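Source file: query-v8.pdb; contents: PDB, C-alpha atoms, pLDDT in the B column.
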ATOM      1  CA  MET H   1     -20.664   7.554 -97.141  1.00 93.00           C
ATOM      2  CA  LYS H   2     -20.019   4.023 -95.885  1.00 96.00           C
ATOM      3  CA  TYR H   3     -22.484   1.666 -94.220  1.00 98.00           C
ATOM      4  CA  GLU H   4     -20.915  -0.443 -91.475  1.00 98.00           C
ATOM      5  CA  LEU H   5     -22.378  -3.551 -89.818  1.00 98.00           C
ATOM      6  CA  ARG H   6     -20.819  -4.428 -86.462  1.00 98.00           C
ATOM      7  CA  ASN H   7     -21.447  -7.837 -84.897  1.00 97.00           C
ATOM      8  CA  LEU H   8     -24.967  -7.702 -86.300  1.00 97.00           C
ATOM      9  CA  SER H   9     -27.565 -10.430 -85.819  1.00 96.00           C
ATOM     10  CA  VAL H  10     -30.809 -10.316 -87.809  1.00 97.00           C
ATOM     11  CA  GLY H  11     -33.975 -12.372 -87.754  1.00 95.00           C
ATOM     12  CA  TYR H  12     -37.469 -12.363 -86.294  1.00 90.00           C
ATOM     13  CA  GLY H  13     -38.252 -12.081 -82.603  1.00 86.00           C
ATOM     14  CA  ASP H  14     -35.289 -13.483 -80.705  1.00 87.00           C
ATOM     15  CA  GLU H  15     -34.480 -16.089 -83.355  1.00 89.00           C
ATOM     16  CA  PRO H  16     -31.481 -15.051 -85.494  1.00 93.00           C
ATOM     17  CA  VAL H  17     -31.278 -15.999 -89.157  1.00 94.00           C
ATOM     18  CA  VAL H  18     -27.775 -14.561 -89.612  1.00 94.00           C
ATOM     19  CA  SER H  19     -25.423 -13.794 -86.703  1.00 94.00           C
ATOM     20  CA  GLY H  20     -22.126 -12.024 -86.052  1.00 95.00           C
ATOM     21  CA  ILE H  21     -22.071  -9.971 -89.247  1.00 96.00           C
ATOM     22  CA  ASN H  22     -19.115  -7.636 -89.642  1.00 97.00           C
ATOM     23  CA  ALA H  23     -19.067  -5.981 -93.047  1.00 97.00           C
ATOM     24  CA  THR H  24     -18.748  -2.551 -94.663  1.00 98.00           C
ATOM     25  CA  LEU H  25     -20.392  -1.184 -97.798  1.00 98.00           C
ATOM     26  CA  HIS H  26     -17.949   1.435 -99.065  1.00 97.00           C
ATOM     27  CA  GLU H  27     -18.564   4.650-100.975  1.00 96.00           C
ATOM     28  CA  GLY H  28     -18.765   4.102-104.729  1.00 97.00           C
ATOM     29  CA  GLU H  29     -19.006   0.322-104.339  1.00 97.00           C
ATOM     30  CA  LEU H  30     -21.400  -2.067-106.080  1.00 98.00           C
ATOM     31  CA  CYS H  31     -21.863  -5.078-103.808  1.00 98.00           C
ATOM     32  CA  ALA H  32     -23.975  -8.202-104.374  1.00 98.00           C
ATOM     33  CA  LEU H  33     -25.608 -10.040-101.483  1.00 98.00           C
ATOM     34  CA  ILE H  34     -25.746 -13.705-102.470  1.00 97.00           C
ATOM     35  CA  GLY H  35     -26.581 -17.019-100.860  1.00 94.00           C
ATOM     36  CA  PRO H  36     -28.976 -19.953-101.065  1.00 91.00           C
ATOM     37  CA  ASN H  37     -32.739 -19.570-100.685  1.00 89.00           C
ATOM     38  CA  GLY H  38     -33.716 -18.992 -97.067  1.00 89.00           C
ATOM     39  CA  ALA H  39     -30.262 -17.807 -96.028  1.00 92.00           C
ATOM     40  CA  GLY H  40     -31.599 -14.421 -94.891  1.00 94.00           C
ATOM     41  CA  LYS H  41     -30.837 -12.035 -97.760  1.00 95.00           C
ATOM     42  CA  SER H  42     -34.161 -10.174 -97.624  1.00 94.00           C
ATOM     43  CA  THR H  43     -34.105 -10.156 -93.817  1.00 95.00           C
ATOM     44  CA  LEU H  44     -30.674  -8.530 -93.809  1.00 97.00           C
ATOM     45  CA  LEU H  45     -31.707  -5.917 -96.373  1.00 96.00           C
ATOM     46  CA  ARG H  46     -34.885  -5.096 -94.446  1.00 96.00           C
ATOM     47  CA  THR H  47     -32.839  -4.644 -91.274  1.00 97.00           C
ATOM     48  CA  MET H  48     -30.324  -2.395 -93.027  1.00 97.00           C
ATOM     49  CA  ALA H  49     -33.236  -0.356 -94.403  1.00 96.00           C
ATOM     50  CA  ALA H  50     -34.606  -0.042 -90.830  1.00 96.00           C
ATOM     51  CA  PHE H  51     -37.851  -1.753 -91.847  1.00 95.00           C
ATOM     52  CA  GLN H  52     -37.328  -4.192 -88.981  1.00 94.00           C
ATOM     53  CA  PRO H  53     -35.102  -4.040 -85.879  1.00 95.00           C
ATOM     54  CA  ALA H  54     -31.855  -5.919 -85.493  1.00 96.00           C
ATOM     55  CA  ILE H  55     -31.732  -8.613 -82.830  1.00 96.00           C
ATOM     56  CA  SER H  56     -28.346  -7.319 -81.685  1.00 96.00           C
ATOM     57  CA  GLY H  57     -25.307  -5.460 -82.968  1.00 97.00           C
ATOM     58  CA  GLU H  58     -24.808  -2.056 -84.546  1.00 97.00           C
ATOM     59  CA  LEU H  59     -25.539  -0.305 -87.845  1.00 98.00           C
ATOM     60  CA  TRP H  60     -23.629   2.881 -88.720  1.00 98.00           C
ATOM     61  CA  LEU H  61     -23.793   5.339 -91.615  1.00 97.00           C
ATOM     62  CA  ASN H  62     -20.446   7.028 -91.039  1.00 95.00           C
ATOM     63  CA  ASP H  63     -21.117   8.428 -87.535  1.00 94.00           C
ATOM     64  CA  ILE H  64     -24.917   8.098 -87.723  1.00 95.00           C
ATOM     65  CA  ASP H  65     -26.464   5.343 -85.577  1.00 96.00           C
ATOM     66  CA  VAL H  66     -29.180   3.791 -87.760  1.00 97.00           C
ATOM     67  CA  ARG H  67     -30.916   2.240 -84.759  1.00 93.00           C
ATOM     68  CA  THR H  68     -31.703   5.610 -83.163  1.00 94.00           C
ATOM     69  CA  SER H  69     -32.191   7.722 -86.306  1.00 95.00           C
ATOM     70  CA  THR H  70     -35.598   9.076 -87.283  1.00 95.00           C
ATOM     71  CA  PRO H  71     -37.386   7.762 -90.401  1.00 93.00           C
ATOM     72  CA  LEU H  72     -37.023  11.192 -92.026  1.00 93.00           C
ATOM     73  CA  SER H  73     -33.272  11.245 -91.429  1.00 93.00           C
ATOM     74  CA  LEU H  74     -32.842   7.725 -92.791  1.00 96.00           C
ATOM     75  CA  SER H  75     -34.956   8.506 -95.867  1.00 95.00           C
ATOM     76  CA  ARG H  76     -32.349  11.128 -96.782  1.00 96.00           C
ATOM     77  CA  HIS H  77     -29.515   8.613 -96.489  1.00 97.00           C
ATOM     78  CA  ILE H  78     -30.912   5.250 -97.636  1.00 97.00           C
ATOM     79  CA  GLY H  79     -32.940   4.572-100.779  1.00 96.00           C
ATOM     80  CA  VAL H  80     -34.688   1.207-101.080  1.00 96.00           C
ATOM     81  CA  VAL H  81     -35.916  -0.642-104.183  1.00 94.00           C
ATOM     82  CA  LEU H  82     -38.012  -3.717-103.353  1.00 86.00           C
ATOM     83  CA  THR H  83     -39.285  -6.521-105.573  1.00 73.00           C
ATOM     84  CA  GLU H  84     -42.960  -5.576-105.349  1.00 66.00           C
ATOM     85  CA  ARG H  85     -44.414  -4.669-108.709  1.00 64.00           C
ATOM     86  CA  VAL H  86     -45.936  -1.218-109.062  1.00 63.00           C
ATOM     87  CA  SER H  87     -49.718  -1.196-109.421  1.00 61.00           C
ATOM     88  CA  GLY H  88     -52.305   1.494-109.780  1.00 58.00           C
ATOM     89  CA  MET H  89     -54.010   3.137-112.703  1.00 67.00           C
ATOM     90  CA  GLY H  90     -53.524   6.750-113.663  1.00 82.00           C
ATOM     91  CA  ILE H  91     -49.983   7.026-112.311  1.00 91.00           C
ATOM     92  CA  THR H  92     -47.350   8.177-114.784  1.00 95.00           C
ATOM     93  CA  VAL H  93     -43.667   7.405-114.733  1.00 96.00           C
ATOM     94  CA  ARG H  94     -42.897  10.955-113.672  1.00 96.00           C
ATOM     95  CA  ASP H  95     -45.459  10.694-110.837  1.00 94.00           C
ATOM     96  CA  LEU H  96     -43.628   7.651-109.493  1.00 94.00           C
ATOM     97  CA  VAL H  97     -40.188   9.209-109.713  1.00 96.00           C
ATOM     98  CA  GLU H  98     -41.487  12.380-108.031  1.00 95.00           C
ATOM     99  CA  MET H  99     -42.365  10.248-104.987  1.00 93.00           C
ATOM    100  CA  GLY H 100     -38.638  10.009-104.381  1.00 95.00           C
ATOM    101  CA  ARG H 101     -38.674  13.683-103.376  1.00 96.00           C
ATOM    102  CA  SER H 102     -41.031  13.111-100.432  1.00 93.00           C
ATOM    103  CA  PRO H 103     -38.256  13.426 -97.781  1.00 94.00           C
ATOM    104  CA  TYR H 104     -37.679  17.007 -98.955  1.00 93.00           C
ATOM    105  CA  THR H 105     -41.122  18.375 -99.837  1.00 89.00           C
ATOM    106  CA  ASN H 106     -43.214  20.595 -97.625  1.00 72.00           C
ATOM    107  CA  PHE H 107     -46.284  19.519 -95.642  1.00 64.00           C
ATOM    108  CA  TRP H 108     -48.462  19.527 -98.766  1.00 70.00           C
ATOM    109  CA  GLY H 109     -45.946  17.521-100.777  1.00 77.00           C
ATOM    110  CA  LYS H 110     -45.577  20.277-103.371  1.00 88.00           C
ATOM    111  CA  LEU H 111     -42.449  20.005-105.510  1.00 93.00           C
ATOM    112  CA  THR H 112     -40.336  23.090-106.076  1.00 93.00           C
ATOM    113  CA  GLU H 113     -38.590  23.940-109.325  1.00 95.00           C
ATOM    114  CA  GLU H 114     -35.418  22.445-107.850  1.00 95.00           C
ATOM    115  CA  ASP H 115     -37.284  19.221-107.025  1.00 96.00           C
ATOM    116  CA  GLN H 116     -38.524  19.033-110.599  1.00 96.00           C
ATOM    117  CA  LEU H 117     -34.972  19.428-111.891  1.00 97.00           C
ATOM    118  CA  VAL H 118     -33.799  16.586-109.641  1.00 97.00           C
ATOM    119  CA  VAL H 119     -36.573  14.359-111.016  1.00 97.00           C
ATOM    120  CA  SER H 120     -35.684  15.247-114.599  1.00 97.00           C
ATOM    121  CA  ARG H 121     -32.008  14.483-113.963  1.00 97.00           C
ATOM    122  CA  ALA H 122     -32.924  11.110-112.441  1.00 96.00           C
ATOM    123  CA  LEU H 123     -35.040  10.204-115.468  1.00 97.00           C
ATOM    124  CA  ASP H 124     -32.220  11.237-117.770  1.00 96.00           C
ATOM    125  CA  MET H 125     -29.541   9.390-115.801  1.00 93.00           C
ATOM    126  CA  VAL H 126     -31.454   6.132-116.070  1.00 94.00           C
ATOM    127  CA  GLY H 127     -32.261   6.800-119.721  1.00 94.00           C
ATOM    128  CA  ILE H 128     -36.060   6.898-119.468  1.00 96.00           C
ATOM    129  CA  SER H 129     -36.879  10.566-120.061  1.00 97.00           C
ATOM    130  CA  GLU H 130     -38.994   9.554-123.053  1.00 97.00           C
ATOM    131  CA  LEU H 131     -41.175   7.435-120.739  1.00 96.00           C
ATOM    132  CA  ALA H 132     -42.013  10.293-118.364  1.00 97.00           C
ATOM    133  CA  ASP H 133     -45.643  10.635-119.499  1.00 96.00           C
ATOM    134  CA  ARG H 134     -46.309   6.910-119.889  1.00 95.00           C
ATOM    135  CA  GLN H 135     -48.760   5.184-117.584  1.00 93.00           C
ATOM    136  CA  ALA H 136     -46.860   2.998-115.124  1.00 90.00           C
ATOM    137  CA  SER H 137     -49.319   0.146-115.759  1.00 89.00           C
ATOM    138  CA  THR H 138     -48.145  -0.086-119.407  1.00 92.00           C
ATOM    139  CA  LEU H 139     -44.453  -0.598-118.646  1.00 91.00           C
ATOM    140  CA  SER H 140     -42.462  -3.748-119.259  1.00 90.00           C
ATOM    141  CA  ASP H 141     -40.662  -5.354-116.327  1.00 88.00           C
ATOM    142  CA  GLY H 142     -37.347  -3.878-117.463  1.00 90.00           C
ATOM    143  CA  GLU H 143     -38.816  -0.392-117.857  1.00 91.00           C
ATOM    144  CA  ARG H 144     -40.531  -0.643-114.478  1.00 91.00           C
ATOM    145  CA  GLN H 145     -37.271  -1.541-112.755  1.00 91.00           C
ATOM    146  CA  LYS H 146     -35.552   1.468-114.322  1.00 93.00           C
ATOM    147  CA  VAL H 147     -38.354   3.702-113.037  1.00 94.00           C
ATOM    148  CA  MET H 148     -37.872   2.434-109.484  1.00 94.00           C
ATOM    149  CA  ILE H 149     -34.125   3.038-109.723  1.00 95.00           C
ATOM    150  CA  ALA H 150     -34.834   6.569-110.995  1.00 96.00           C
ATOM    151  CA  LYS H 151     -37.136   7.087-107.997  1.00 96.00           C
ATOM    152  CA  ALA H 152     -34.274   6.076-105.691  1.00 96.00           C
ATOM    153  CA  LEU H 153     -31.964   8.491-107.514  1.00 96.00           C
ATOM    154  CA  ALA H 154     -34.490  11.310-107.103  1.00 97.00           C
ATOM    155  CA  GLN H 155     -34.347  10.619-103.373  1.00 97.00           C
ATOM    156  CA  GLU H 156     -30.674  11.696-103.532  1.00 96.00           C
ATOM    157  CA  THR H 157     -29.418   9.193-100.972  1.00 97.00           C
ATOM    158  CA  PRO H 158     -25.773   8.075-100.844  1.00 97.00           C
ATOM    159  CA  ILE H 159     -26.852   4.469-100.079  1.00 98.00           C
ATOM    160  CA  ILE H 160     -29.187   2.383-102.282  1.00 98.00           C
ATOM    161  CA  LEU H 161     -30.422  -1.067-101.241  1.00 98.00           C
ATOM    162  CA  LEU H 162     -32.135  -3.285-103.817  1.00 97.00           C
ATOM    163  CA  ASP H 163     -33.901  -6.601-103.223  1.00 95.00           C
ATOM    164  CA  GLU H 164     -33.639  -8.835-106.322  1.00 94.00           C
ATOM    165  CA  PRO H 165     -33.655  -5.981-108.882  1.00 93.00           C
ATOM    166  CA  THR H 166     -33.223  -8.426-111.800  1.00 92.00           C
ATOM    167  CA  ALA H 167     -35.771 -11.009-110.636  1.00 88.00           C
ATOM    168  CA  TYR H 168     -38.413 -10.502-113.362  1.00 84.00           C
ATOM    169  CA  LEU H 169     -36.112  -9.459-116.199  1.00 90.00           C
ATOM    170  CA  ASP H 170     -34.941 -11.217-119.350  1.00 91.00           C
ATOM    171  CA  PHE H 171     -31.194 -11.666-119.694  1.00 92.00           C
ATOM    172  CA  PRO H 172     -30.417  -8.508-121.732  1.00 92.00           C
ATOM    173  CA  SER H 173     -32.428  -6.445-119.227  1.00 91.00           C
ATOM    174  CA  LYS H 174     -30.595  -8.093-116.314  1.00 93.00           C
ATOM    175  CA  VAL H 175     -27.252  -7.079-117.806  1.00 95.00           C
ATOM    176  CA  GLU H 176     -28.474  -3.561-118.576  1.00 93.00           C
ATOM    177  CA  THR H 177     -29.752  -3.084-115.027  1.00 93.00           C
ATOM    178  CA  MET H 178     -26.531  -4.320-113.428  1.00 95.00           C
ATOM    179  CA  LEU H 179     -24.391  -2.121-115.671  1.00 96.00           C
ATOM    180  CA  LEU H 180     -26.623   0.861-114.856  1.00 95.00           C
ATOM    181  CA  LEU H 181     -26.107   0.295-111.131  1.00 96.00           C
ATOM    182  CA  ARG H 182     -22.364   0.003-111.619  1.00 97.00           C
ATOM    183  CA  ARG H 183     -22.361   3.271-113.554  1.00 95.00           C
ATOM    184  CA  LEU H 184     -24.208   5.011-110.714  1.00 94.00           C
ATOM    185  CA  CYS H 185     -21.475   3.875-108.339  1.00 96.00           C
ATOM    186  CA  ARG H 186     -18.686   5.004-110.656  1.00 96.00           C
ATOM    187  CA  GLU H 187     -20.135   8.339-111.776  1.00 94.00           C
ATOM    188  CA  MET H 188     -22.127   9.434-108.734  1.00 94.00           C
ATOM    189  CA  GLY H 189     -20.273   7.737-105.877  1.00 95.00           C
ATOM    190  CA  LYS H 190     -23.374   5.823-104.776  1.00 96.00           C
ATOM    191  CA  SER H 191     -22.934   2.837-102.459  1.00 97.00           C
ATOM    192  CA  VAL H 192     -25.183   0.073-103.805  1.00 98.00           C
ATOM    193  CA  LEU H 193     -26.028  -3.267-102.211  1.00 98.00           C
ATOM    194  CA  LEU H 194     -28.292  -5.634-104.105  1.00 98.00           C
ATOM    195  CA  SER H 195     -29.486  -9.150-103.400  1.00 97.00           C
ATOM    196  CA  THR H 196     -29.476 -11.481-106.380  1.00 96.00           C
ATOM    197  CA  HIS H 197     -29.620 -15.092-107.529  1.00 92.00           C
ATOM    198  CA  ASP H 198     -27.859 -14.187-110.789  1.00 92.00           C
ATOM    199  CA  LEU H 199     -24.499 -15.446-109.582  1.00 91.00           C
ATOM    200  CA  SER H 200     -22.618 -15.446-112.878  1.00 89.00           C
ATOM    201  CA  LEU H 201     -23.650 -11.880-113.636  1.00 93.00           C
ATOM    202  CA  ALA H 202     -22.825 -10.692-110.114  1.00 94.00           C
ATOM    203  CA  LEU H 203     -19.369 -12.242-110.343  1.00 93.00           C
ATOM    204  CA  GLN H 204     -18.654 -10.326-113.552  1.00 92.00           C
ATOM    205  CA  VAL H 205     -20.083  -6.912-112.692  1.00 95.00           C
ATOM    206  CA  THR H 206     -19.805  -6.204-108.959  1.00 96.00           C
ATOM    207  CA  ASP H 207     -16.886  -4.904-106.921  1.00 97.00           C
ATOM    208  CA  SER H 208     -17.542  -7.129-103.922  1.00 97.00           C
ATOM    209  CA  LEU H 209     -19.754  -9.894-102.565  1.00 97.00           C
ATOM    210  CA  TRP H 210     -21.485 -10.513 -99.259  1.00 98.00           C
ATOM    211  CA  LEU H 211     -21.898 -14.279 -99.140  1.00 97.00           C
ATOM    212  CA  LEU H 212     -24.495 -15.730 -96.769  1.00 96.00           C
ATOM    213  CA  SER H 213     -24.057 -19.400 -95.906  1.00 92.00           C
ATOM    214  CA  ARG H 214     -26.548 -21.988 -94.734  1.00 87.00           C
ATOM    215  CA  ASP H 215     -25.068 -21.909 -91.215  1.00 89.00           C
ATOM    216  CA  GLY H 216     -26.092 -18.258 -90.744  1.00 89.00           C
ATOM    217  CA  THR H 217     -22.734 -16.544 -91.256  1.00 92.00           C
ATOM    218  CA  LEU H 218     -21.572 -13.924 -93.745  1.00 95.00           C
ATOM    219  CA  SER H 219     -18.280 -13.749 -95.658  1.00 95.00           C
ATOM    220  CA  ALA H 220     -17.314 -10.530 -97.450  1.00 96.00           C
ATOM    221  CA  GLY H 221     -14.715 -10.039-100.174  1.00 96.00           C
ATOM    222  CA  THR H 222     -14.092  -9.631-103.867  1.00 95.00           C
ATOM    223  CA  PRO H 223     -15.333 -12.304-106.290  1.00 92.00           C
ATOM    224  CA  GLN H 224     -11.692 -13.331-106.738  1.00 90.00           C
ATOM    225  CA  THR H 225     -10.916 -13.770-103.034  1.00 93.00           C
ATOM    226  CA  LEU H 226     -14.145 -15.611-102.214  1.00 93.00           C
ATOM    227  CA  GLY H 227     -13.700 -17.843-105.249  1.00 88.00           C
ATOM    228  CA  GLN H 228     -10.078 -18.693-104.605  1.00 87.00           C
ATOM    229  CA  SER H 229     -10.677 -19.304-100.892  1.00 90.00           C
ATOM    230  CA  GLY H 230     -13.286 -21.933-101.692  1.00 88.00           C
ATOM    231  CA  ALA H 231     -16.079 -20.005 -99.969  1.00 91.00           C
ATOM    232  CA  LEU H 232     -18.279 -19.886-103.079  1.00 91.00           C
ATOM    233  CA  ASN H 233     -17.886 -23.608-103.699  1.00 87.00           C
ATOM    234  CA  ALA H 234     -18.655 -24.340-100.052  1.00 87.00           C
ATOM    235  CA  VAL H 235     -21.970 -22.439-100.122  1.00 89.00           C
ATOM    236  CA  PHE H 236     -23.139 -23.482-103.580  1.00 88.00           C
ATOM    237  CA  ARG H 237     -21.702 -26.990-103.525  1.00 80.00           C
ATOM    238  CA  SER H 238     -23.470 -29.432-105.840  1.00 82.00           C
ATOM    239  CA  PRO H 239     -22.615 -32.776-107.441  1.00 83.00           C
ATOM    240  CA  HIS H 240     -23.260 -31.161-110.813  1.00 83.00           C
ATOM    241  CA  VAL H 241     -21.810 -27.649-110.425  1.00 82.00           C
ATOM    242  CA  GLU H 242     -18.336 -26.355-109.603  1.00 79.00           C
ATOM    243  CA  PHE H 243     -16.681 -22.950-109.433  1.00 79.00           C
ATOM    244  CA  ASP H 244     -13.815 -22.244-111.825  1.00 80.00           C
ATOM    245  CA  THR H 245     -11.341 -19.971-110.023  1.00 75.00           C
ATOM    246  CA  THR H 246      -9.678 -19.035-113.329  1.00 76.00           C
ATOM    247  CA  THR H 247     -12.752 -17.751-115.141  1.00 79.00           C
ATOM    248  CA  LEU H 248     -14.686 -16.794-111.964  1.00 76.00           C
ATOM    249  CA  GLN H 249     -17.693 -18.691-113.247  1.00 81.00           C
ATOM    250  CA  PHE H 250     -19.805 -21.632-112.155  1.00 81.00           C
ATOM    251  CA  ARG H 251     -19.901 -24.468-114.658  1.00 82.00           C
ATOM    252  CA  VAL H 252     -21.649 -27.787-115.092  1.00 85.00           C
ATOM    253  CA  LYS H 253     -19.403 -30.757-114.294  1.00 79.00           C
TER     254      LYS H 253
END
Using structure tokens, write down the structure that the file contains.
Amino acid sequence: MKYELRNLSVGYGDEPVVSGINATLHEGELCALIGPNGAGKSTLLRTMAAFQPAISGELWLNDIDVRTSTPLSLSRHIGVVLTERVSGMGITVRDLVEMGRSPYTNFWGKLTEEDQLVVSRALDMVGISELADRQASTLSDGERQKVMIAKALAQETPIILLDEPTAYLDFPSKVETMLLLRRLCREMGKSVLLSTHDLSLALQVTDSLWLLSRDGTLSAGTPQTLGQSGALNAVFRSPHVEFDTTTLQFRVK
């Protein structure tokens, strides 16, 4: 499934933060949403997740109009992983991942044997089956992020949107999380869009970039094309930093 943005403007009230967005998240693609602070990354993700309305433009999941779809329908197509840390005592890892089955459970929220198998597969896919009985409050930041990704997998949606999934992680955990997301795209055909400030890592791991600029526009392309066109340098220009088009890395001057 692909997610297409057509002449989209997002923001709050009638005041756009980003305007005229035309971009497509393709099936099996890992895409990073990057840009300076305040450029509108979280606002765009929230709009794509249907947590807030678009100011104008269209959002399509293949032939499904996101703007007129019901919350239940969207919950079976779009999984969302936000930056909020999980709180609450007495909740196990498996309890959290089971919440991903809520779009499919009956009125009482009772999981079937099939639901339980989906949850177990999600835990196994992310590599945290051994944490299933752990209290969520005892997890490290890296473990907690894996649990939230497993919850999104248990939701069985073709699209996964993540807001700063590596924000609280140490560097090895950042790399592990990004490689996990790339594997989900390769092996399961998921379409994954994540916002991040980890530019160097995004340039190495992702298939494509959505680059938000300070003037409220979006450029989409591969790391190579956006680097060679000068778009990355234009957005992240600094007297002390430059983008090396050969190595696809930022470096200190």
Selection under test: the PyMOL selection byres ((chain H and resi 12) around 9); residues as a PyMOL selection string
chain H and resi 10-11+13-17+43+52-55
Work out how far apart CA of Thr138 in chain H and CA of Arg101 in chain H are and give it in Å to one decimal.
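It comes out at 23.2 Å.
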I need the residue nearest Val147 in chain H from this list: H:Glu187, H:Asp170, H:Asp95, H:Asp163. Use all atoms listed in the file for the distance.
H:Asp95
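Coordinates place CA of Ala32 in chain H at a distance of 25.9 Å from CA of Arg121 in chain H.
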Assuming the chain letters and numbering stay as they are in my file, what does the PyMOL selection byres ((chain H and resi 175) around 12) actually select? List them as a list in words.
Gly142, Pro165, Thr166, Ala167, Leu169, Asp170, Phe171, Pro172, Ser173, Lys174, Glu176, Thr177, Met178, Leu179, Leu180, Leu181, Arg182, Asp198, Ser200, Leu201, Ala202, Gln204, Val205 and Thr206 of chain H
On this file, the PyMOL selection byres ((chain H and resi 241) around 8) gives some set of residues; write that set as a PDB file with C-alpha atoms, in the coordinates of the input.
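out.pdb written:
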ATOM      1  CA  ARG H 237     -21.702 -26.990-103.525  1.00 80.00           C
ATOM      2  CA  SER H 238     -23.470 -29.432-105.840  1.00 82.00           C
ATOM      3  CA  PRO H 239     -22.615 -32.776-107.441  1.00 83.00           C
ATOM      4  CA  HIS H 240     -23.260 -31.161-110.813  1.00 83.00           C
ATOM      5  CA  GLU H 242     -18.336 -26.355-109.603  1.00 79.00           C
ATOM      6  CA  PHE H 243     -16.681 -22.950-109.433  1.00 79.00           C
ATOM      7  CA  PHE H 250     -19.805 -21.632-112.155  1.00 81.00           C
ATOM      8  CA  ARG H 251     -19.901 -24.468-114.658  1.00 82.00           C
ATOM      9  CA  VAL H 252     -21.649 -27.787-115.092  1.00 85.00           C
ATOM     10  CA  LYS H 253     -19.403 -30.757-114.294  1.00 79.00           C
TER      11      LYS H 253
END
Which one of H:Thr83, H:Asn7, H:Glu27, H:Leu33 sits closest to Ser208 in chain H if you count all atoms listed in the file?
H:Leu33
Atom-to-atom span, CA of Tyr104 in chain H and CA of Leu123 in chain H, Å
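Separating CA of Tyr104 in chain H from CA of Leu123 in chain H is a distance of 18.1 Å.
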Residue neighbourhood range 59-73 of chain H, 6 Å, only C-alpha atoms, exclusion window fewer than 4 positions, as a PyMOL selection string:
chain H and resi 2-5
Which residues, written as a PyMOL selection string, have at least one atom at most 8 Å from range 218-232 of chain H, with all atoms listed in the file counted and residues fewer than 3 positions away on the same chain left out?
chain H and resi 18+20-23+203+207-213+235-237+243-245+248
Hey, which of H:Val118, H:Met148, H:Ile128, H:Ala154 ends up closest to Gly100 in chain H? Count only C-alpha atoms.
H:Ala154
For Thr105 in chain H, which residue out of H:Ser129, H:Arg134, H:Val81, H:Gln155 is the nearest one, using all atoms listed in the file?
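Smallest distance to Thr105 in chain H is found for H:Gln155.
Taking all atoms listed in the file into account, Val97 in chain H lies nearest to H:Lys151 out of the set H:Arg186, H:Lys151, H:Arg6, H:Lys41.
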May I ask which of the residues H:Val80, H:Thr246, H:Leu25, H:Leu30 is the closest one to Ala50 in chain H, counting all atoms listed in the file?
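Residue with the minimum atom-to-atom distance to Ala50 in chain H: H:Val80.
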Nearby residues (all atoms listed in the file) at most 9 Å from Ala49 in chain H, same-chain spacing under 3 positions excluded, as a list in words:
Leu44, Leu45, Arg46, Gln52, Val66, Leu74, Ile78, Gly79, Val80 and Leu161 of chain H
